[in-house]
Amino acid sequence: MSEEVDQIVQRRNKLAMLRESSSPFPNDFRRTAFAGDLQSQHADTGFSEGQDPIRVKVSGRLMSRRLMGKASFSHIQDATGQVQLFLQKNQLGEAEYEQFRDYDVGDIVGAEGELFRTRTGELTVRVEQIRLLTKALRPLPEKFHGLTDPETRYRQRYLDLVMNEGTRSVFHARAAIIQHIREFMISHRYLEVETPMMHPIPGGAVARPFITHHNALDMDLYLRVAPELYLKKLVVGGFERVFEINRNFRNEGMSTRHNPEFTMMEFYCAYADYNDFIDLTQELVKSLCQSVAGSEQLAYQGTEIDFSGSFERYGMIESILKFNPDISRNMLHDEQAIRELADHLKIQVGPKDGLGKVQMEIFEKHVEHKLIKPTFITGYPVEVSPLSRRNDEQPEISDRFEFFVAGREIANGFSELNDAEDQAGRFQDQMGKKEAGDQEAMHFDADYICALEHGLPPTAGEGIGIDRLVMILTDSPSIRDVVLFPHMRHQQPPAE
RNA sequence: GGGGUGUUAGCUCAGUAGGCAGAGCAGCUGACUUUUAAUCAGCGGGUCACAGGUUCGAUCCCUGUACACCCCA
């Protein structure tokens with residue numbers, strides 16, 4: 001019999017004993033204080049003799065035990081932090097003290113007593129009563145090194161959360177970031193909405209969808225790759241400023257910056273253009289830096305990133321030239337030359353791909369990862385922007401921008417294409433690409449065209465990748481570090 | 001999809017020119033009324049990821065598979 005099983009068997013035996021004497025999973029303990037609150041409230045309390053004693057009831061997970069004969073110390077951890085318990089045989093009584101000695105690290109307990117300070121000055125509860133509230137049958141990871149194995153941290157995130165303060169703080173930060181964004185949008189008069197996650201036709205982004213099936217209707221549905229088309233239908237309907245924070249699903253590879261489901265905020269504003277959203281994005285990002293980090297200087301994975309002042313801004317072509325001195329402007333604008341260049345750069349180009357598509361490929365491969373400072377890129381080709389408004393001066397480019405930090409695309413926004421006939425033509429173009437084998441190309445969405453034909457006001461739209469933003473703001477190297485339960489390959493469940 | 005690295009006790013990690021598998025923590029027994037990685041004495045705990053191959057003998061060498069991490073596409 002392995003020791004792992006031994007430890008579980010011992011705990012099961014203890015639980016069996018508890019079942020005989022009482023209900024082992026009581027739910028009538030009510031705490032009066034949180035550990036972290038006590039620490040901050042009593043940071044300067046002296047607990048001198050004459051003072052009125054402060055009685056508290058605390059509960060949480062037993063994280064350590066130091067048994068010394070007739071007295072013991074222990075730490076419990078709740079949602080706010082840890083506090084030390086001091087247990088004495090003559091205070092608890094023989095029976096209760098012996099019961100405590102049977103508790104295991106990992107058990108959930110409730111304790112009541114008076115606050116005091118130990119010789120070393122640590123705030124401590126002098127326990128008068130303690131109860132086991134939940135027996136833990138499996139041992140926790142080791143107390144000193146904690147849990148470091150990345151696979152276990154992701155698959156059993158609860159253990160990571162119990163053991164690692166850093167993990168807890170990342171997800172607290174994530175919640176604060178999303179709350180901040182939501183309040184920012186509401187304060188700018190945006191209405192929060194929820195649109196379908198299951199789409200009859202996948203649309204709104206160039207991406208491969210997941211397919212599911214509705215039994216009663218006997219029809220295939222697609223998990224959404226973006227909420228874009230529905231949100232713009234709401235603008236047609238007169239909700240002139242809307243936003244949605246929710247999951248998108250893309251059936252693509254996984255990496256440190258891609259999870260099959262990821263969180264995006266999309267938002268639309270009538271009577272605004274992409275330049276307005278560049279300004280709005282900068283304002284939002286700066287305010288997030290201040291609210292999360294308290295500074296516009298952030299360190300990301302050892303690189304200082306400066307969010308102060310106005311963010312950098314280049315045209316896409318200019319950025320290619322700036323970061324790749326070997327490439328000339330003429331090469332990027334000549335069909336023949338750019339294909340040779342792409343070949344030289346080992347970029348695969350499809351036979352139906354035009355100038356714009358190849359420019360985009362070169363940009364993605366040879367510029368994106370170099371955009372470390374917060375940077376807006378504009379001037380994207382219409383060919384790769386099937387939902388964007390055409391630029392008035394240069395019809396081959398769109399009124400679109402993307403926002404990059406630390407070499408990562410964080411946001412994508414544009415003046416919306418509200419010309420229904422142009423949009424129908426762009427969908428036709430996408431269908432041509434799909435027939436040529438491009439699995440990411442869009443479908444023709446007649447419903448959406450119909451909505452546009454009713455009149456979409458001039459509108460700006462944008463999507464912000466929340467996970468990537470959280471990565472940068474929390475200095476996390478992988479998207480798995482900012483998603484509570486990242487997608488993992490199937491694995492055998494933990495054996496007993 | 002390609003390349004690299006890894007998988008040894010519940011956890012964190014050693015290790016073996018190829019010859020009975022190691023530590024710390026956790027666990028168990030005992031001592032201990034201000035400890036905090038408590039301490040002291042003793043004890044138990046392993047399909048060395050999985051499947052093949054080479055070998056007298058494989059945790060170690062070879063091949064494949066699974067899972068994970070990193071890099072590239």
# chains A, B, ... in the order shown; residues from 1 in each chain; ligands from 1

call {"tool": "select_by_dssp", "arguments": {"residues": "segment 299-457 of chain A", "states": "alpha helix (DSSP H)", "output": "VMD selection string"}}
result
chain A and resid 316 to 323 329 to 333 335 to 344 355 to 366 420 to 435 446 to 453

call {"tool": "interface_residues", "arguments": {"of": "chain A", "to": "chain B", "cutoff": "8 Å", "atoms": "only C-alpha atoms (C1' of nucleotides)", "output": "PyMOL selection string"}}
result
chain A and resi 2-4+7+66+68-73+88+118-120+139-147+150-151+489+491

call {"tool": "write_last_selection", "arguments": {"atoms": "N, CA and C atoms", "output": "mmCIF file, in the first residue's frame"}}
result
data_model
loop_
_atom_site.group_PDB
_atom_site.id
_atom_site.type_symbol
_atom_site.label_atom_id
_atom_site.label_comp_id
_atom_site.auth_asym_id
_atom_site.auth_seq_id
_atom_site.Cartn_x
_atom_site.Cartn_y
_atom_site.Cartn_z
ATOM 1 N N SER A 2 0.619 2.146 -0.896
ATOM 2 C CA SER A 2 1.468 3.335 -0.966
ATOM 3 C C SER A 2 1.146 4.287 0.184
ATOM 4 N N GLU A 3 2.099 5.168 0.438
ATOM 5 C CA GLU A 3 1.898 6.123 1.527
ATOM 6 C C GLU A 3 0.787 7.106 1.218
ATOM 7 N N GLU A 4 0.641 7.427 -0.105
ATOM 8 C CA GLU A 4 -0.409 8.363 -0.491
ATOM 9 C C GLU A 4 -1.742 7.805 -0.047
ATOM 10 N N GLN A 7 -2.056 7.937 3.773
ATOM 11 C CA GLN A 7 -2.475 9.216 4.355
ATOM 12 C C GLN A 7 -3.975 9.422 4.181
ATOM 13 N N ARG A 66 1.896 23.275 14.880
ATOM 14 C CA ARG A 66 3.123 23.094 15.647
ATOM 15 C C ARG A 66 2.707 22.635 17.046
ATOM 16 N N MET A 68 3.229 21.166 20.712
ATOM 17 C CA MET A 68 4.289 21.124 21.723
ATOM 18 C C MET A 68 3.698 20.633 23.041
ATOM 19 N N GLY A 69 3.360 19.372 23.083
ATOM 20 C CA GLY A 69 2.825 18.843 24.327
ATOM 21 C C GLY A 69 1.501 19.475 24.682
ATOM 22 N N LYS A 70 1.498 20.270 25.736
ATOM 23 C CA LYS A 70 0.222 20.774 26.246
ATOM 24 C C LYS A 70 -0.199 22.097 25.616
ATOM 25 N N ALA A 71 0.567 22.584 24.634
ATOM 26 C CA ALA A 71 0.184 23.799 23.914
ATOM 27 C C ALA A 71 0.593 23.651 22.458
ATOM 28 N N SER A 72 -0.149 24.329 21.587
ATOM 29 C CA SER A 72 0.116 24.199 20.152
ATOM 30 C C SER A 72 -0.147 25.515 19.452
ATOM 31 N N PHE A 73 0.565 25.707 18.349
ATOM 32 C CA PHE A 73 0.286 26.824 17.458
ATOM 33 C C PHE A 73 -0.167 26.288 16.112
ATOM 34 N N GLN A 88 -4.236 25.746 24.086
ATOM 35 C CA GLN A 88 -3.651 25.190 25.292
ATOM 36 C C GLN A 88 -4.596 24.151 25.881
ATOM 37 N N THR A 118 1.806 37.319 20.731
ATOM 38 C CA THR A 118 2.782 36.393 21.299
ATOM 39 C C THR A 118 4.063 37.143 21.647
ATOM 40 N N ARG A 119 4.993 36.406 22.261
ATOM 41 C CA ARG A 119 6.278 37.018 22.631
ATOM 42 C C ARG A 119 6.962 37.641 21.431
ATOM 43 N N THR A 120 6.802 36.999 20.262
ATOM 44 C CA THR A 120 7.450 37.535 19.063
ATOM 45 C C THR A 120 6.605 38.626 18.422
ATOM 46 N N PRO A 139 -3.979 15.156 1.425
ATOM 47 C CA PRO A 139 -2.998 16.099 1.979
ATOM 48 C C PRO A 139 -2.735 17.266 1.031
ATOM 49 N N LEU A 140 -2.356 18.398 1.584
ATOM 50 C CA LEU A 140 -1.944 19.551 0.787
ATOM 51 C C LEU A 140 -0.504 19.357 0.316
ATOM 52 N N PRO A 141 -0.099 20.102 -0.707
ATOM 53 C CA PRO A 141 1.312 20.111 -1.093
ATOM 54 C C PRO A 141 2.194 20.597 0.065
ATOM 55 N N GLU A 142 3.474 20.460 -0.111
ATOM 56 C CA GLU A 142 4.420 20.761 0.954
ATOM 57 C C GLU A 142 4.380 22.235 1.358
ATOM 58 N N LYS A 143 4.535 22.471 2.661
ATOM 59 C CA LYS A 143 4.284 23.808 3.188
ATOM 60 C C LYS A 143 5.342 24.836 2.772
ATOM 61 N N PHE A 144 6.583 24.397 2.598
ATOM 62 C CA PHE A 144 7.632 25.385 2.353
ATOM 63 C C PHE A 144 7.787 25.716 0.866
ATOM 64 N N HIS A 145 7.988 24.693 0.039
ATOM 65 C CA HIS A 145 8.146 24.941 -1.395
ATOM 66 C C HIS A 145 6.808 25.166 -2.076
ATOM 67 N N GLY A 146 5.728 24.727 -1.413
ATOM 68 C CA GLY A 146 4.408 24.924 -1.993
ATOM 69 C C GLY A 146 4.203 24.046 -3.211
ATOM 70 N N LEU A 147 3.381 24.524 -4.118
ATOM 71 C CA LEU A 147 3.071 23.783 -5.338
ATOM 72 C C LEU A 147 3.676 24.535 -6.498
ATOM 73 N N PRO A 150 3.705 23.084 -12.935
ATOM 74 C CA PRO A 150 2.712 23.863 -13.685
ATOM 75 C C PRO A 150 1.489 23.041 -14.067
ATOM 76 N N GLU A 151 1.691 21.788 -14.343
ATOM 77 C CA GLU A 151 0.554 20.955 -14.758
ATOM 78 C C GLU A 151 -0.480 20.846 -13.628
ATOM 79 N N ARG A 489 -5.137 19.211 -22.278
ATOM 80 C CA ARG A 489 -5.485 17.919 -22.880
ATOM 81 C C ARG A 489 -6.058 16.991 -21.819
ATOM 82 N N GLN A 491 -6.640 14.036 -19.394
ATOM 83 C CA GLN A 491 -5.691 13.234 -18.625
ATOM 84 C C GLN A 491 -6.465 12.414 -17.626
#

call {"tool": "select_by_dssp", "arguments": {"residues": "segment 320-425 of chain A", "states": "strand (DSSP E or B)", "output": "ChimeraX atom specification"}}
result
/A:375-378,381,388,390,397-398,400-405,408-416

call {"tool": "write_last_selection", "arguments": {"atoms": "N, CA and C atoms", "output": "PDB file, in the first residue's frame"}}
result
ATOM      1  N   THR A 375       1.683  50.873 -28.582  1.00  0.00           N
ATOM      2  CA  THR A 375       1.729  51.399 -29.941  1.00  0.00           C
ATOM      3  C   THR A 375       0.411  51.148 -30.675  1.00  0.00           C
ATOM      4  N   PHE A 376      -0.058  52.200 -31.338  1.00  0.00           N
ATOM      5  CA  PHE A 376      -1.202  52.032 -32.237  1.00  0.00           C
ATOM      6  C   PHE A 376      -0.682  51.905 -33.661  1.00  0.00           C
ATOM      7  N   ILE A 377      -1.157  50.899 -34.371  1.00  0.00           N
ATOM      8  CA  ILE A 377      -0.846  50.742 -35.788  1.00  0.00           C
ATOM      9  C   ILE A 377      -2.126  51.028 -36.565  1.00  0.00           C
ATOM     10  N   THR A 378      -1.996  51.838 -37.625  1.00  0.00           N
ATOM     11  CA  THR A 378      -3.173  52.175 -38.438  1.00  0.00           C
ATOM     12  C   THR A 378      -2.876  51.810 -39.891  1.00  0.00           C
ATOM     13  N   PRO A 381      -4.782  47.133 -44.604  1.00  0.00           N
ATOM     14  CA  PRO A 381      -5.406  46.945 -45.923  1.00  0.00           C
ATOM     15  C   PRO A 381      -6.876  46.540 -45.789  1.00  0.00           C
ATOM     16  N   SER A 388     -14.422  46.682 -41.905  1.00  0.00           N
ATOM     17  CA  SER A 388     -13.997  48.054 -41.617  1.00  0.00           C
ATOM     18  C   SER A 388     -14.384  49.011 -42.737  1.00  0.00           C
ATOM     19  N   ARG A 390     -13.864  51.867 -45.405  1.00  0.00           N
ATOM     20  CA  ARG A 390     -12.788  52.240 -46.308  1.00  0.00           C
ATOM     21  C   ARG A 390     -12.312  53.659 -45.996  1.00  0.00           C
ATOM     22  N   ILE A 397      -6.926  51.088 -48.136  1.00  0.00           N
ATOM     23  CA  ILE A 397      -6.758  50.849 -46.709  1.00  0.00           C
ATOM     24  C   ILE A 397      -8.043  51.214 -45.966  1.00  0.00           C
ATOM     25  N   SER A 398      -8.114  50.725 -44.712  1.00  0.00           N
ATOM     26  CA  SER A 398      -9.339  50.894 -43.939  1.00  0.00           C
ATOM     27  C   SER A 398      -9.088  51.851 -42.780  1.00  0.00           C
ATOM     28  N   ARG A 400      -8.849  51.765 -39.624  1.00  0.00           N
ATOM     29  CA  ARG A 400      -8.704  50.719 -38.614  1.00  0.00           C
ATOM     30  C   ARG A 400      -7.400  50.902 -37.860  1.00  0.00           C
ATOM     31  N   PHE A 401      -7.377  50.441 -36.609  1.00  0.00           N
ATOM     32  CA  PHE A 401      -6.117  50.409 -35.854  1.00  0.00           C
ATOM     33  C   PHE A 401      -6.056  49.126 -35.039  1.00  0.00           C
ATOM     34  N   GLU A 402      -4.831  48.772 -34.701  1.00  0.00           N
ATOM     35  CA  GLU A 402      -4.644  47.754 -33.673  1.00  0.00           C
ATOM     36  C   GLU A 402      -3.704  48.336 -32.628  1.00  0.00           C
ATOM     37  N   PHE A 403      -3.825  47.801 -31.404  1.00  0.00           N
ATOM     38  CA  PHE A 403      -3.026  48.304 -30.296  1.00  0.00           C
ATOM     39  C   PHE A 403      -2.137  47.177 -29.783  1.00  0.00           C
ATOM     40  N   PHE A 404      -0.843  47.505 -29.637  1.00  0.00           N
ATOM     41  CA  PHE A 404       0.132  46.503 -29.223  1.00  0.00           C
ATOM     42  C   PHE A 404       0.889  46.963 -27.982  1.00  0.00           C
ATOM     43  N   VAL A 405       1.161  45.982 -27.100  1.00  0.00           N
ATOM     44  CA  VAL A 405       2.057  46.209 -25.978  1.00  0.00           C
ATOM     45  C   VAL A 405       2.858  44.929 -25.789  1.00  0.00           C
ATOM     46  N   ARG A 408       2.471  42.102 -28.160  1.00  0.00           N
ATOM     47  CA  ARG A 408       1.200  41.379 -28.218  1.00  0.00           C
ATOM     48  C   ARG A 408       0.094  42.294 -28.711  1.00  0.00           C
ATOM     49  N   GLU A 409      -0.762  41.734 -29.565  1.00  0.00           N
ATOM     50  CA  GLU A 409      -1.943  42.469 -29.987  1.00  0.00           C
ATOM     51  C   GLU A 409      -2.932  42.479 -28.827  1.00  0.00           C
ATOM     52  N   ILE A 410      -3.307  43.687 -28.421  1.00  0.00           N
ATOM     53  CA  ILE A 410      -4.212  43.829 -27.293  1.00  0.00           C
ATOM     54  C   ILE A 410      -5.608  44.225 -27.763  1.00  0.00           C
ATOM     55  N   ALA A 411      -5.679  45.059 -28.797  1.00  0.00           N
ATOM     56  CA  ALA A 411      -6.977  45.575 -29.225  1.00  0.00           C
ATOM     57  C   ALA A 411      -6.981  45.777 -30.729  1.00  0.00           C
ATOM     58  N   ASN A 412      -8.194  45.772 -31.264  1.00  0.00           N
ATOM     59  CA  ASN A 412      -8.422  45.923 -32.697  1.00  0.00           C
ATOM     60  C   ASN A 412      -9.689  46.758 -32.837  1.00  0.00           C
ATOM     61  N   GLY A 413      -9.574  47.898 -33.503  1.00  0.00           N
ATOM     62  CA  GLY A 413     -10.761  48.745 -33.601  1.00  0.00           C
ATOM     63  C   GLY A 413     -10.831  49.415 -34.947  1.00  0.00           C
ATOM     64  N   PHE A 414     -12.020  49.828 -35.331  1.00  0.00           N
ATOM     65  CA  PHE A 414     -12.153  50.517 -36.612  1.00  0.00           C
ATOM     66  C   PHE A 414     -13.456  51.284 -36.694  1.00  0.00           C
ATOM     67  N   SER A 415     -13.453  52.202 -37.657  1.00  0.00           N
ATOM     68  CA  SER A 415     -14.715  52.800 -38.074  1.00  0.00           C
ATOM     69  C   SER A 415     -15.471  51.700 -38.804  1.00  0.00           C
ATOM     70  N   GLU A 416     -16.740  51.529 -38.461  1.00  0.00           N
ATOM     71  CA  GLU A 416     -17.472  50.396 -38.993  1.00  0.00           C
ATOM     72  C   GLU A 416     -17.904  50.648 -40.434  1.00  0.00           C
TER      73      GLU A 416
END

call {"tool": "atom_distance", "arguments": {"atom1": "atom CA of Ile178 of chain A", "atom2": "atom CA of Gln82 of chain A"}}
result
26.4 Å

call {"tool": "atom_distance", "arguments": {"atom1": "atom CA of Met163 of chain A", "atom2": "atom CA of Met63 of chain A"}}
result
9.0 Å

call {"tool": "residues_around", "arguments": {"residues": "U47 of chain B", "least_positions_apart": "2", "cutoff": "12 Å", "atoms": "only C-alpha atoms (C1' of nucleotides)", "output": "PyMOL selection string"}}
result
(chain A and resi 2) or (chain B and resi 8+49-50+59)

call {"tool": "write_last_selection", "arguments": {"atoms": "N, CA, C and O atoms (P, O5', C5', C4', C3', O3' and C1' of nucleotides)", "output": "short mmCIF file (atom, residue, chain, number, x, y, z; two decimals), in the first residue's frame"}}
result
data_model
loop_
_atom_site.label_atom_id
_atom_site.label_comp_id
_atom_site.auth_asym_id
_atom_site.auth_seq_id
_atom_site.Cartn_x
_atom_site.Cartn_y
_atom_site.Cartn_z
N SER A 2 0.62 2.15 -0.90
CA SER A 2 1.47 3.33 -0.97
C SER A 2 1.15 4.29 0.18
O SER A 2 0.07 4.24 0.76
P U B 8 7.89 12.57 -11.41
"O5'" U B 8 8.98 11.44 -11.19
"C5'" U B 8 8.63 10.08 -11.27
"C4'" U B 8 9.46 9.24 -10.35
"C3'" U B 8 9.43 9.66 -8.89
"O3'" U B 8 8.26 9.20 -8.24
"C1'" U B 8 11.65 9.35 -9.53
P A B 49 9.54 7.41 -14.59
"O5'" A B 49 8.00 7.10 -14.81
"C5'" A B 49 7.01 7.54 -13.88
"C4'" A B 49 5.67 7.52 -14.55
"C3'" A B 49 5.43 6.31 -15.46
"O3'" A B 49 4.93 5.21 -14.72
"C1'" A B 49 4.91 8.29 -16.63
P C B 50 5.43 3.72 -15.11
"O5'" C B 50 4.65 3.42 -16.46
"C5'" C B 50 3.23 3.39 -16.49
"C4'" C B 50 2.75 3.23 -17.91
"C3'" C B 50 3.40 2.09 -18.68
"O3'" C B 50 2.81 0.83 -18.39
"C1'" C B 50 3.40 4.03 -20.01
P U B 59 13.83 -1.00 -14.45
"O5'" U B 59 13.67 0.51 -14.01
"C5'" U B 59 12.86 1.38 -14.75
"C4'" U B 59 13.36 2.79 -14.64
"C3'" U B 59 14.64 3.08 -15.40
"O3'" U B 59 14.36 3.38 -16.75
"C1'" U B 59 14.79 3.95 -13.20
#

call {"tool": "residues_around", "arguments": {"residues": "Glu368 of chain A", "least_positions_apart": "3", "cutoff": "7 Å", "atoms": "only C-alpha atoms (C1' of nucleotides)", "output": "MDAnalysis selection string"}}
result
chainID A and resid 363:365 371 407:408

call {"tool": "closest_residue", "arguments": {"among": "A:His172, A:Arg241, A:His487, A:Arg257", "to": "Met185 of chain A", "atoms": "only C-alpha atoms"}}
result
A:Arg241

call {"tool": "residues_around", "arguments": {"residues": "C48 of chain B", "least_positions_apart": "3", "cutoff": "12 Å", "atoms": "only C-alpha atoms (C1' of nucleotides)", "output": "mmCIF file with C-alpha atoms (C1' of nucleotides), in the first residue's frame"}}
result
data_model
loop_
_atom_site.group_PDB
_atom_site.id
_atom_site.type_symbol
_atom_site.label_atom_id
_atom_site.label_comp_id
_atom_site.auth_asym_id
_atom_site.auth_seq_id
_atom_site.Cartn_x
_atom_site.Cartn_y
_atom_site.Cartn_z
ATOM 1 C "C1'" U B 7 7.934 13.053 -15.987
ATOM 2 C "C1'" U B 8 11.655 9.349 -9.525
ATOM 3 C "C1'" A B 9 7.590 9.021 -2.345
ATOM 4 C "C1'" G B 15 20.667 9.963 -7.874
ATOM 5 C "C1'" U B 16 22.691 5.519 -10.562
ATOM 6 C "C1'" A B 21 16.201 3.643 -4.830
ATOM 7 C "C1'" G B 22 17.818 8.824 -1.574
ATOM 8 C "C1'" A B 58 17.197 -1.259 -17.375
ATOM 9 C "C1'" U B 59 14.792 3.947 -13.197
ATOM 10 C "C1'" C B 60 19.504 4.806 -16.158
#

call {"tool": "closest_residue", "arguments": {"among": "A:Phe262, A:Phe311, A:Phe267, A:Phe86", "to": "Val235 of chain A", "atoms": "only C-alpha atoms"}}
result
A:Phe267
